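What follows is the content of start-v1.pdb, which has PDB, C-alpha atoms, pLDDT in the B column:
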ATOM      1  CA  ARG A   1      63.773  97.598 101.985  1.00 60.00           C
ATOM      2  CA  LYS A   2      67.044  98.736 103.519  1.00 69.00           C
ATOM      3  CA  GLU A   3      68.111 102.300 102.780  1.00 88.00           C
ATOM      4  CA  VAL A   4      71.509 101.284 101.463  1.00 94.00           C
ATOM      5  CA  GLU A   5      72.147  97.791 100.192  1.00 94.00           C
ATOM      6  CA  GLN A   6      75.346  96.027  99.294  1.00 96.00           C
ATOM      7  CA  ASP A   7      76.170  92.444  98.437  1.00 94.00           C
ATOM      8  CA  PRO A   8      78.217  91.297 101.450  1.00 93.00           C
ATOM      9  CA  GLY A   9      80.283  88.893  99.326  1.00 93.00           C
ATOM     10  CA  PRO A  10      82.926  87.775  99.815  1.00 95.00           C
ATOM     11  CA  PHE A  11      84.262  88.476  96.377  1.00 96.00           C
ATOM     12  CA  ASN A  12      87.233  86.160  95.961  1.00 97.00           C
ATOM     13  CA  VAL A  13      89.446  87.240  93.047  1.00 97.00           C
ATOM     14  CA  PRO A  14      93.026  86.563  91.876  1.00 97.00           C
ATOM     15  CA  GLU A  15      95.666  89.254  91.779  1.00 98.00           C
ATOM     16  CA  GLY A  16      95.394  91.353  88.656  1.00 97.00           C
ATOM     17  CA  ALA A  17      91.675  90.814  88.256  1.00 97.00           C
ATOM     18  CA  THR A  18      89.125  93.542  87.769  1.00 98.00           C
ATOM     19  CA  VAL A  19      86.274  93.536  90.249  1.00 97.00           C
ATOM     20  CA  ALA A  20      83.193  95.720  90.598  1.00 96.00           C
ATOM     21  CA  PHE A  21      80.803  96.335  93.455  1.00 94.00           C
ATOM     22  CA  ASN A  22      77.419  97.985  93.388  1.00 95.00           C
ATOM     23  CA  CYS A  23      75.498  99.740  96.111  1.00 96.00           C
ATOM     24  CA  THR A  24      71.823 100.650  95.811  1.00 96.00           C
ATOM     25  CA  TYR A  25      70.059 103.323  97.810  1.00 94.00           C
ATOM     26  CA  SER A  26      66.368 103.905  98.360  1.00 92.00           C
ATOM     27  CA  ASN A  27      66.195 107.614  99.208  1.00 86.00           C
ATOM     28  CA  SER A  28      65.901 109.563  95.978  1.00 83.00           C
ATOM     29  CA  ALA A  29      66.844 112.730  97.885  1.00 82.00           C
ATOM     30  CA  SER A  30      70.322 111.358  98.525  1.00 83.00           C
ATOM     31  CA  GLN A  31      72.943 113.854  97.562  1.00 82.00           C
ATOM     32  CA  SER A  32      76.382 112.682  98.560  1.00 88.00           C
ATOM     33  CA  PHE A  33      78.003 109.329  98.094  1.00 92.00           C
ATOM     34  CA  PHE A  34      81.236 107.843  99.325  1.00 94.00           C
ATOM     35  CA  TRP A  35      83.188 104.629  99.295  1.00 96.00           C
ATOM     36  CA  TYR A  36      85.097 103.778 102.447  1.00 96.00           C
ATOM     37  CA  ARG A  37      87.495 100.937 102.963  1.00 97.00           C
ATOM     38  CA  GLN A  38      87.689  99.119 106.285  1.00 97.00           C
ATOM     39  CA  ASP A  39      90.380  96.634 107.195  1.00 96.00           C
ATOM     40  CA  CYS A  40      89.741  94.008 109.848  1.00 92.00           C
ATOM     41  CA  ARG A  41      89.564  95.561 113.314  1.00 88.00           C
ATOM     42  CA  LYS A  42      90.423  99.008 111.951  1.00 92.00           C
ATOM     43  CA  GLU A  43      88.425 102.169 111.357  1.00 94.00           C
ATOM     44  CA  PRO A  44      86.804 103.033 108.028  1.00 95.00           C
ATOM     45  CA  LYS A  45      89.018 105.146 105.789  1.00 94.00           C
ATOM     46  CA  LEU A  46      87.734 107.265 102.944  1.00 93.00           C
ATOM     47  CA  LEU A  47      88.544 105.686  99.606  1.00 95.00           C
ATOM     48  CA  MET A  48      86.796 108.165  97.378  1.00 93.00           C
ATOM     49  CA  SER A  49      83.822 110.436  97.045  1.00 91.00           C
ATOM     50  CA  VAL A  50      81.467 109.667  94.179  1.00 92.00           C
ATOM     51  CA  TYR A  51      80.582 112.512  91.864  1.00 83.00           C
ATOM     52  CA  SER A  52      77.755 112.734  89.358  1.00 85.00           C
ATOM     53  CA  SER A  53      80.199 112.715  86.477  1.00 86.00           C
ATOM     54  CA  GLY A  54      82.048 109.714  87.851  1.00 87.00           C
ATOM     55  CA  ASN A  55      85.600 109.867  89.096  1.00 91.00           C
ATOM     56  CA  GLU A  56      88.781 107.891  88.898  1.00 93.00           C
ATOM     57  CA  ASP A  57      91.715 107.598  91.266  1.00 93.00           C
ATOM     58  CA  GLY A  58      94.427 105.340  89.925  1.00 96.00           C
ATOM     59  CA  ARG A  59      93.048 101.802  89.759  1.00 97.00           C
ATOM     60  CA  PHE A  60      89.740 102.824  91.327  1.00 97.00           C
ATOM     61  CA  THR A  61      86.744 104.197  89.438  1.00 97.00           C
ATOM     62  CA  ALA A  62      83.478 105.267  91.043  1.00 96.00           C
ATOM     63  CA  GLN A  63      80.241 105.886  89.179  1.00 96.00           C
ATOM     64  CA  LEU A  64      76.850 107.242  90.177  1.00 95.00           C
ATOM     65  CA  ASN A  65      73.609 106.321  88.435  1.00 94.00           C
ATOM     66  CA  ARG A  66      70.881 108.546  89.833  1.00 92.00           C
ATOM     67  CA  ALA A  67      68.166 107.178  87.591  1.00 93.00           C
ATOM     68  CA  SER A  68      68.647 103.663  88.908  1.00 93.00           C
ATOM     69  CA  GLN A  69      69.801 104.832  92.334  1.00 94.00           C
ATOM     70  CA  TYR A  70      73.052 103.014  92.626  1.00 94.00           C
ATOM     71  CA  ILE A  71      76.745 103.706  92.878  1.00 96.00           C
ATOM     72  CA  SER A  72      79.530 101.448  91.787  1.00 97.00           C
ATOM     73  CA  LEU A  73      83.190 100.899  92.519  1.00 97.00           C
ATOM     74  CA  LEU A  74      85.518  99.331  89.976  1.00 97.00           C
ATOM     75  CA  ILE A  75      88.954  98.098  90.994  1.00 98.00           C
ATOM     76  CA  ARG A  76      91.382  97.272  88.207  1.00 98.00           C
ATOM     77  CA  ASP A  77      94.548  95.193  88.519  1.00 98.00           C
ATOM     78  CA  SER A  78      93.645  93.999  92.041  1.00 98.00           C
ATOM     79  CA  LYS A  79      96.446  93.800  94.598  1.00 98.00           C
ATOM     80  CA  LEU A  80      96.657  91.594  97.659  1.00 97.00           C
ATOM     81  CA  SER A  81      96.513  94.778  99.718  1.00 97.00           C
ATOM     82  CA  ASP A  82      93.078  95.598  98.299  1.00 98.00           C
ATOM     83  CA  SER A  83      91.613  92.843 100.478  1.00 98.00           C
ATOM     84  CA  ALA A  84      89.230  94.638 102.815  1.00 97.00           C
ATOM     85  CA  THR A  85      85.570  95.470 103.345  1.00 97.00           C
ATOM     86  CA  TYR A  86      84.250  98.258 101.132  1.00 98.00           C
ATOM     87  CA  LEU A  87      81.516 100.357 102.700  1.00 97.00           C
ATOM     88  CA  CYS A  88      79.098 102.421 100.688  1.00 96.00           C
ATOM     89  CA  VAL A  89      77.921 105.615 102.426  1.00 94.00           C
ATOM     90  CA  VAL A  90      74.980 107.729 101.304  1.00 92.00           C
ATOM     91  CA  VAL A  91      73.952 111.104 102.696  1.00 87.00           C
ATOM     92  CA  ALA A  92      70.535 112.629 102.082  1.00 78.00           C
ATOM     93  CA  SER A  93      70.241 116.297 101.209  1.00 67.00           C
ATOM     94  CA  GLY A  94      68.859 118.946 103.503  1.00 61.00           C
ATOM     95  CA  GLY A  95      68.646 119.071 107.283  1.00 60.00           C
ATOM     96  CA  SER A  96      71.249 117.317 109.373  1.00 64.00           C
ATOM     97  CA  TYR A  97      74.141 115.435 107.896  1.00 71.00           C
ATOM     98  CA  ILE A  98      73.263 111.807 108.628  1.00 79.00           C
ATOM     99  CA  PRO A  99      75.343 109.293 106.730  1.00 87.00           C
ATOM    100  CA  THR A 100      73.776 105.913 106.068  1.00 90.00           C
ATOM    101  CA  PHE A 101      76.170 103.006 105.748  1.00 93.00           C
ATOM    102  CA  GLY A 102      75.726  99.894 103.694  1.00 95.00           C
ATOM    103  CA  ARG A 103      76.684  96.642 105.375  1.00 94.00           C
ATOM    104  CA  GLY A 104      79.865  96.462 103.330  1.00 96.00           C
ATOM    105  CA  THR A 105      81.235  94.168 100.634  1.00 97.00           C
ATOM    106  CA  SER A 106      84.115  91.890 101.525  1.00 97.00           C
ATOM    107  CA  LEU A 107      86.901  91.554  98.947  1.00 97.00           C
ATOM    108  CA  ILE A 108      89.571  88.883  99.153  1.00 97.00           C
ATOM    109  CA  VAL A 109      92.399  89.076  96.629  1.00 98.00           C
ATOM    110  CA  HIS A 110      94.476  85.903  96.489  1.00 96.00           C
ATOM    111  CA  PRO A 111      97.835  85.186  94.828  1.00 95.00           C
TER     112      PRO A 111
ATOM    113  CA  ASP B   1      96.554 116.592 109.133  1.00 59.00           C
ATOM    114  CA  THR B   2      93.434 114.441 108.838  1.00 65.00           C
ATOM    115  CA  GLU B   3      93.855 112.711 112.160  1.00 90.00           C
ATOM    116  CA  VAL B   4      91.187 111.874 114.684  1.00 96.00           C
ATOM    117  CA  THR B   5      92.556 110.326 117.859  1.00 96.00           C
ATOM    118  CA  GLN B   6      90.724 108.190 120.366  1.00 97.00           C
ATOM    119  CA  THR B   7      91.632 106.907 123.805  1.00 97.00           C
ATOM    120  CA  PRO B   8      91.808 104.337 125.150  1.00 97.00           C
ATOM    121  CA  LYS B   9      92.380 101.822 122.347  1.00 96.00           C
ATOM    122  CA  HIS B  10      90.991  99.009 124.429  1.00 96.00           C
ATOM    123  CA  LEU B  11      88.737  99.056 127.483  1.00 96.00           C
ATOM    124  CA  VAL B  12      87.419  96.243 129.632  1.00 96.00           C
ATOM    125  CA  MET B  13      84.827  97.182 132.199  1.00 93.00           C
ATOM    126  CA  GLY B  14      82.320  95.603 134.499  1.00 91.00           C
ATOM    127  CA  MET B  15      78.631  96.352 134.399  1.00 89.00           C
ATOM    128  CA  THR B  16      78.825  98.580 137.475  1.00 89.00           C
ATOM    129  CA  ASN B  17      81.806 100.620 136.320  1.00 90.00           C
ATOM    130  CA  LYS B  18      81.829 104.191 135.062  1.00 94.00           C
ATOM    131  CA  LYS B  19      84.282 104.971 132.288  1.00 96.00           C
ATOM    132  CA  SER B  20      84.750 107.527 129.537  1.00 97.00           C
ATOM    133  CA  LEU B  21      85.894 107.344 125.941  1.00 98.00           C
ATOM    134  CA  LYS B  22      87.710 110.324 124.500  1.00 98.00           C
ATOM    135  CA  CYS B  23      88.034 111.673 120.989  1.00 98.00           C
ATOM    136  CA  GLU B  24      90.061 114.598 119.689  1.00 97.00           C
ATOM    137  CA  GLN B  25      90.563 116.305 116.353  1.00 96.00           C
ATOM    138  CA  HIS B  26      92.498 119.400 115.346  1.00 91.00           C
ATOM    139  CA  MET B  27      91.226 119.826 111.816  1.00 92.00           C
ATOM    140  CA  GLY B  28      88.857 122.643 112.756  1.00 91.00           C
ATOM    141  CA  HIS B  29      85.899 120.393 112.090  1.00 91.00           C
ATOM    142  CA  ARG B  30      82.665 121.527 113.726  1.00 90.00           C
ATOM    143  CA  ALA B  31      80.729 118.267 113.524  1.00 90.00           C
ATOM    144  CA  MET B  32      81.672 115.232 115.589  1.00 93.00           C
ATOM    145  CA  TYR B  33      80.053 111.820 115.755  1.00 94.00           C
ATOM    146  CA  TRP B  34      79.935 108.680 117.844  1.00 96.00           C
ATOM    147  CA  TYR B  35      79.315 105.337 116.163  1.00 96.00           C
ATOM    148  CA  LYS B  36      79.009 101.817 117.502  1.00 97.00           C
ATOM    149  CA  GLN B  37      80.190  98.929 115.354  1.00 96.00           C
ATOM    150  CA  LYS B  38      79.643  95.251 116.048  1.00 95.00           C
ATOM    151  CA  ALA B  39      81.635  92.572 114.239  1.00 91.00           C
ATOM    152  CA  LYS B  40      80.750  92.144 110.560  1.00 88.00           C
ATOM    153  CA  LYS B  41      78.222  94.986 110.747  1.00 92.00           C
ATOM    154  CA  PRO B  42      78.408  98.555 109.473  1.00 93.00           C
ATOM    155  CA  PRO B  43      78.896 101.451 111.910  1.00 94.00           C
ATOM    156  CA  GLU B  44      75.662 102.543 113.619  1.00 94.00           C
ATOM    157  CA  LEU B  45      75.291 106.240 114.303  1.00 93.00           C
ATOM    158  CA  MET B  46      74.748 107.090 117.973  1.00 95.00           C
ATOM    159  CA  PHE B  47      75.196 110.846 118.388  1.00 94.00           C
ATOM    160  CA  VAL B  48      76.034 113.905 116.320  1.00 92.00           C
ATOM    161  CA  TYR B  49      77.377 117.179 117.668  1.00 93.00           C
ATOM    162  CA  SER B  50      77.289 120.243 115.488  1.00 89.00           C
ATOM    163  CA  TYR B  51      79.076 123.348 116.744  1.00 90.00           C
ATOM    164  CA  GLU B  52      79.326 121.736 120.164  1.00 91.00           C
ATOM    165  CA  LYS B  53      75.597 121.192 120.453  1.00 91.00           C
ATOM    166  CA  LEU B  54      73.972 117.785 120.374  1.00 91.00           C
ATOM    167  CA  SER B  55      72.006 117.719 117.156  1.00 85.00           C
ATOM    168  CA  ILE B  56      71.192 114.037 116.805  1.00 83.00           C
ATOM    169  CA  ASN B  57      70.615 111.273 119.330  1.00 84.00           C
ATOM    170  CA  GLU B  58      69.679 108.091 117.545  1.00 84.00           C
ATOM    171  CA  SER B  59      67.564 106.725 120.430  1.00 87.00           C
ATOM    172  CA  VAL B  60      70.615 105.645 122.341  1.00 93.00           C
ATOM    173  CA  PRO B  61      70.061 104.283 125.893  1.00 94.00           C
ATOM    174  CA  SER B  62      70.841 106.718 128.683  1.00 94.00           C
ATOM    175  CA  ARG B  63      73.698 104.554 129.930  1.00 95.00           C
ATOM    176  CA  PHE B  64      75.624 106.265 127.114  1.00 97.00           C
ATOM    177  CA  SER B  65      76.098 109.976 127.757  1.00 96.00           C
ATOM    178  CA  PRO B  66      77.940 112.162 125.238  1.00 96.00           C
ATOM    179  CA  GLU B  67      79.712 115.384 126.059  1.00 96.00           C
ATOM    180  CA  CYS B  68      81.398 117.969 123.862  1.00 96.00           C
ATOM    181  CA  PRO B  69      83.595 120.182 126.070  1.00 94.00           C
ATOM    182  CA  ASN B  70      84.910 122.195 123.119  1.00 93.00           C
ATOM    183  CA  SER B  71      85.150 122.115 119.364  1.00 91.00           C
ATOM    184  CA  SER B  72      88.084 119.682 119.389  1.00 95.00           C
ATOM    185  CA  LEU B  73      86.969 117.193 122.001  1.00 97.00           C
ATOM    186  CA  LEU B  74      84.186 114.672 122.254  1.00 97.00           C
ATOM    187  CA  ASN B  75      83.619 112.319 125.156  1.00 98.00           C
ATOM    188  CA  LEU B  76      81.336 109.361 125.658  1.00 98.00           C
ATOM    189  CA  HIS B  77      80.560 108.582 129.292  1.00 97.00           C
ATOM    190  CA  LEU B  78      79.612 105.004 130.039  1.00 96.00           C
ATOM    191  CA  HIS B  79      77.720 103.757 133.053  1.00 94.00           C
ATOM    192  CA  ALA B  80      75.943 100.508 133.907  1.00 93.00           C
ATOM    193  CA  LEU B  81      76.655  98.983 130.534  1.00 94.00           C
ATOM    194  CA  GLN B  82      75.510  95.545 129.451  1.00 95.00           C
ATOM    195  CA  PRO B  83      77.605  92.793 127.850  1.00 95.00           C
ATOM    196  CA  GLU B  84      75.762  93.400 124.556  1.00 96.00           C
ATOM    197  CA  ASP B  85      77.269  96.898 124.520  1.00 97.00           C
ATOM    198  CA  SER B  86      80.644  95.336 123.772  1.00 97.00           C
ATOM    199  CA  ALA B  87      81.699  96.721 120.392  1.00 97.00           C
ATOM    200  CA  LEU B  88      84.096  99.019 118.578  1.00 97.00           C
ATOM    201  CA  TYR B  89      83.207 102.641 119.331  1.00 98.00           C
ATOM    202  CA  LEU B  90      84.231 104.976 116.555  1.00 97.00           C
ATOM    203  CA  CYS B  91      84.500 108.720 116.649  1.00 97.00           C
ATOM    204  CA  ALA B  92      84.378 110.755 113.442  1.00 95.00           C
ATOM    205  CA  SER B  93      84.486 114.402 112.482  1.00 94.00           C
ATOM    206  CA  SER B  94      83.533 116.478 109.464  1.00 90.00           C
ATOM    207  CA  GLN B  95      83.679 120.074 108.385  1.00 86.00           C
ATOM    208  CA  ASP B  96      79.977 120.931 108.803  1.00 71.00           C
ATOM    209  CA  SER B  97      80.631 123.727 106.376  1.00 61.00           C
ATOM    210  CA  GLY B  98      77.015 124.580 105.730  1.00 59.00           C
ATOM    211  CA  ARG B  99      77.202 122.772 102.449  1.00 56.00           C
ATOM    212  CA  GLY B 100      76.028 119.983 104.673  1.00 52.00           C
ATOM    213  CA  SER B 101      75.974 116.780 102.847  1.00 52.00           C
ATOM    214  CA  THR B 102      79.116 117.290 100.785  1.00 62.00           C
ATOM    215  CA  ASP B 103      81.311 117.012 103.857  1.00 78.00           C
ATOM    216  CA  THR B 104      83.609 114.038 104.260  1.00 85.00           C
ATOM    217  CA  GLN B 105      83.872 112.202 107.554  1.00 89.00           C
ATOM    218  CA  TYR B 106      87.195 111.191 109.027  1.00 92.00           C
ATOM    219  CA  PHE B 107      87.237 108.380 111.532  1.00 95.00           C
ATOM    220  CA  GLY B 108      89.385 107.761 114.566  1.00 96.00           C
ATOM    221  CA  PRO B 109      90.906 104.305 115.178  1.00 95.00           C
ATOM    222  CA  GLY B 110      88.182 103.404 117.635  1.00 96.00           C
ATOM    223  CA  THR B 111      88.001 102.071 121.175  1.00 97.00           C
ATOM    224  CA  ARG B 112      87.379  98.367 121.452  1.00 97.00           C
ATOM    225  CA  LEU B 113      85.104  97.974 124.477  1.00 97.00           C
ATOM    226  CA  THR B 114      84.414  94.750 126.313  1.00 96.00           C
ATOM    227  CA  VAL B 115      81.757  94.697 129.012  1.00 95.00           C
ATOM    228  CA  LEU B 116      81.988  91.768 131.407  1.00 93.00           C
TER     229      LEU B 116
END
Now that the file is in, can you turn its structure into structure tokens?
Amino acid sequence: RKEVEQDPGPFNVPEGATVAFNCTYSNSASQSFFWYRQDCRKEPKLLMSVYSSGNEDGRFTAQLNRASQYISLLIRDSKLSDSATYLCVVVASGGSYIPTFGRGTSLIVHP
Amino acid sequence: DTEVTQTPKHLVMGMTNKKSLKCEQHMGHRAMYWYKQKAKKPPELMFVYSYEKLSINESVPSRFSPECPNSSLLNLHLHALQPEDSALYLCASSQDSGRGSTDTQYFGPGTRLTVL
């Protein structure tokens, strides 16, 4: 089983739709969680950190479910500019800081 | 300023060439990373430097040689590469504040490397 798993998609949604992605992780010692966004041929950019209590930033909401070992990203009122690959990143606690990336979920928002 | 810069943006090299990739950050971050990313794949960690010392080498072939001259700079020296080494090479940095895993990584724009 891969350490961090994501559905690669693509998720093809119309503008204005609400879309949600999940990311599961296998290491129960994981402590920090992030969502990054990566546009084609560009570097990953931090979208948001994921906190235990969940967090919201405008149209984006991230949730953490430790019991089931997954994190989620909800995008409301999708814009064309949201089209990108969304990478889930998980970091285990203790020792060296080694982030583990999911393979990414591709989102395509169409008019 | 959350900027990580990388040079060059693009690099084409032959299998016998020696070249270097450069990365710089001025955020006072003490951890710096090299990643390799192939098309439609996630970034793969290659090396981690913490306080200018190599802390992680993810079994990378010796034709890739990292160097950290100071806390702001990170180089990746390339020699005798293979065509399958063609990829996007990403540099990242993070605080390495001792809280460890709560640190956020910031990525540079990458160097797109083609090995002929």
### Message
Take the ChimeraX specification (/B :<12) & /A, run it mentally on this structure, and tell me the resulting residues as number ranges by chain.
### Response
A: 4-6, 8-10, 29-51, 84-106
Based on the selection just made, write C-alpha atoms of those residues as a PDB file, keeping the file's coordinate frame.
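As a result, part_6.pdb now contains:
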ATOM      1  CA  VAL A   4      71.509 101.284 101.463  1.00 94.00           C
ATOM      2  CA  GLU A   5      72.147  97.791 100.192  1.00 94.00           C
ATOM      3  CA  GLN A   6      75.346  96.027  99.294  1.00 96.00           C
ATOM      4  CA  PRO A   8      78.217  91.297 101.450  1.00 93.00           C
ATOM      5  CA  GLY A   9      80.283  88.893  99.326  1.00 93.00           C
ATOM      6  CA  PRO A  10      82.926  87.775  99.815  1.00 95.00           C
ATOM      7  CA  ALA A  29      66.844 112.730  97.885  1.00 82.00           C
ATOM      8  CA  SER A  30      70.322 111.358  98.525  1.00 83.00           C
ATOM      9  CA  GLN A  31      72.943 113.854  97.562  1.00 82.00           C
ATOM     10  CA  SER A  32      76.382 112.682  98.560  1.00 88.00           C
ATOM     11  CA  PHE A  33      78.003 109.329  98.094  1.00 92.00           C
ATOM     12  CA  PHE A  34      81.236 107.843  99.325  1.00 94.00           C
ATOM     13  CA  TRP A  35      83.188 104.629  99.295  1.00 96.00           C
ATOM     14  CA  TYR A  36      85.097 103.778 102.447  1.00 96.00           C
ATOM     15  CA  ARG A  37      87.495 100.937 102.963  1.00 97.00           C
ATOM     16  CA  GLN A  38      87.689  99.119 106.285  1.00 97.00           C
ATOM     17  CA  ASP A  39      90.380  96.634 107.195  1.00 96.00           C
ATOM     18  CA  CYS A  40      89.741  94.008 109.848  1.00 92.00           C
ATOM     19  CA  ARG A  41      89.564  95.561 113.314  1.00 88.00           C
ATOM     20  CA  LYS A  42      90.423  99.008 111.951  1.00 92.00           C
ATOM     21  CA  GLU A  43      88.425 102.169 111.357  1.00 94.00           C
ATOM     22  CA  PRO A  44      86.804 103.033 108.028  1.00 95.00           C
ATOM     23  CA  LYS A  45      89.018 105.146 105.789  1.00 94.00           C
ATOM     24  CA  LEU A  46      87.734 107.265 102.944  1.00 93.00           C
ATOM     25  CA  LEU A  47      88.544 105.686  99.606  1.00 95.00           C
ATOM     26  CA  MET A  48      86.796 108.165  97.378  1.00 93.00           C
ATOM     27  CA  SER A  49      83.822 110.436  97.045  1.00 91.00           C
ATOM     28  CA  VAL A  50      81.467 109.667  94.179  1.00 92.00           C
ATOM     29  CA  TYR A  51      80.582 112.512  91.864  1.00 83.00           C
ATOM     30  CA  ALA A  84      89.230  94.638 102.815  1.00 97.00           C
ATOM     31  CA  THR A  85      85.570  95.470 103.345  1.00 97.00           C
ATOM     32  CA  TYR A  86      84.250  98.258 101.132  1.00 98.00           C
ATOM     33  CA  LEU A  87      81.516 100.357 102.700  1.00 97.00           C
ATOM     34  CA  CYS A  88      79.098 102.421 100.688  1.00 96.00           C
ATOM     35  CA  VAL A  89      77.921 105.615 102.426  1.00 94.00           C
ATOM     36  CA  VAL A  90      74.980 107.729 101.304  1.00 92.00           C
ATOM     37  CA  VAL A  91      73.952 111.104 102.696  1.00 87.00           C
ATOM     38  CA  ALA A  92      70.535 112.629 102.082  1.00 78.00           C
ATOM     39  CA  SER A  93      70.241 116.297 101.209  1.00 67.00           C
ATOM     40  CA  GLY A  94      68.859 118.946 103.503  1.00 61.00           C
ATOM     41  CA  GLY A  95      68.646 119.071 107.283  1.00 60.00           C
ATOM     42  CA  SER A  96      71.249 117.317 109.373  1.00 64.00           C
ATOM     43  CA  TYR A  97      74.141 115.435 107.896  1.00 71.00           C
ATOM     44  CA  ILE A  98      73.263 111.807 108.628  1.00 79.00           C
ATOM     45  CA  PRO A  99      75.343 109.293 106.730  1.00 87.00           C
ATOM     46  CA  THR A 100      73.776 105.913 106.068  1.00 90.00           C
ATOM     47  CA  PHE A 101      76.170 103.006 105.748  1.00 93.00           C
ATOM     48  CA  GLY A 102      75.726  99.894 103.694  1.00 95.00           C
ATOM     49  CA  ARG A 103      76.684  96.642 105.375  1.00 94.00           C
ATOM     50  CA  GLY A 104      79.865  96.462 103.330  1.00 96.00           C
ATOM     51  CA  THR A 105      81.235  94.168 100.634  1.00 97.00           C
ATOM     52  CA  SER A 106      84.115  91.890 101.525  1.00 97.00           C
TER      53      SER A 106
END
### Message
Excluding B:Val115 and its own-chain neighbours fewer than 6 positions away, which residues fall within 9 Å of it when counting only C-alpha atoms? Please give them as JSON, numbers by chain.
### Response
{"B": [11, 12, 13, 14, 15, 81, 82, 83, 84, 85, 86, 87]}
### Selection under test: the PyMOL selection byres ((chain A and resi 67) around 12); residues as a list in words
Thr24, Tyr25, Ser26, Asn27, Ser28, Ala29, Ser30, Ser52, Leu64, Asn65, Arg66, Ser68, Gln69, Tyr70 and Ile71 of chain A
### Query
Neighbours of B:Arg30 within 10 Å (only C-alpha atoms; same-chain residues fewer than 5 positions away dropped), as number ranges by chain?
B: 25, 49-53, 70-72, 93-97
### Message
Which residue is closest to B:Lys19? Choose from B:Ser59, B:Trp34, B:Met46, B:Thr7 and count only C-alpha atoms.
### Response
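Nearest candidate to B:Lys19 out of B:Ser59, B:Trp34, B:Met46, B:Thr7: B:Thr7.
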### Query
What is the distance, in Å and to one decimal place, between atom CA of B:Pro69 and atom CA of B:Asn17?
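It comes out at 22.2 Å.
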### Message
Rounded to one decimal, what separation in Å do you get between atom CA of B:Ser20 and atom CA of B:Phe64?
### Response
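Atom-to-atom, atom CA of B:Ser20 and atom CA of B:Phe64 are spaced 9.5 Å apart.
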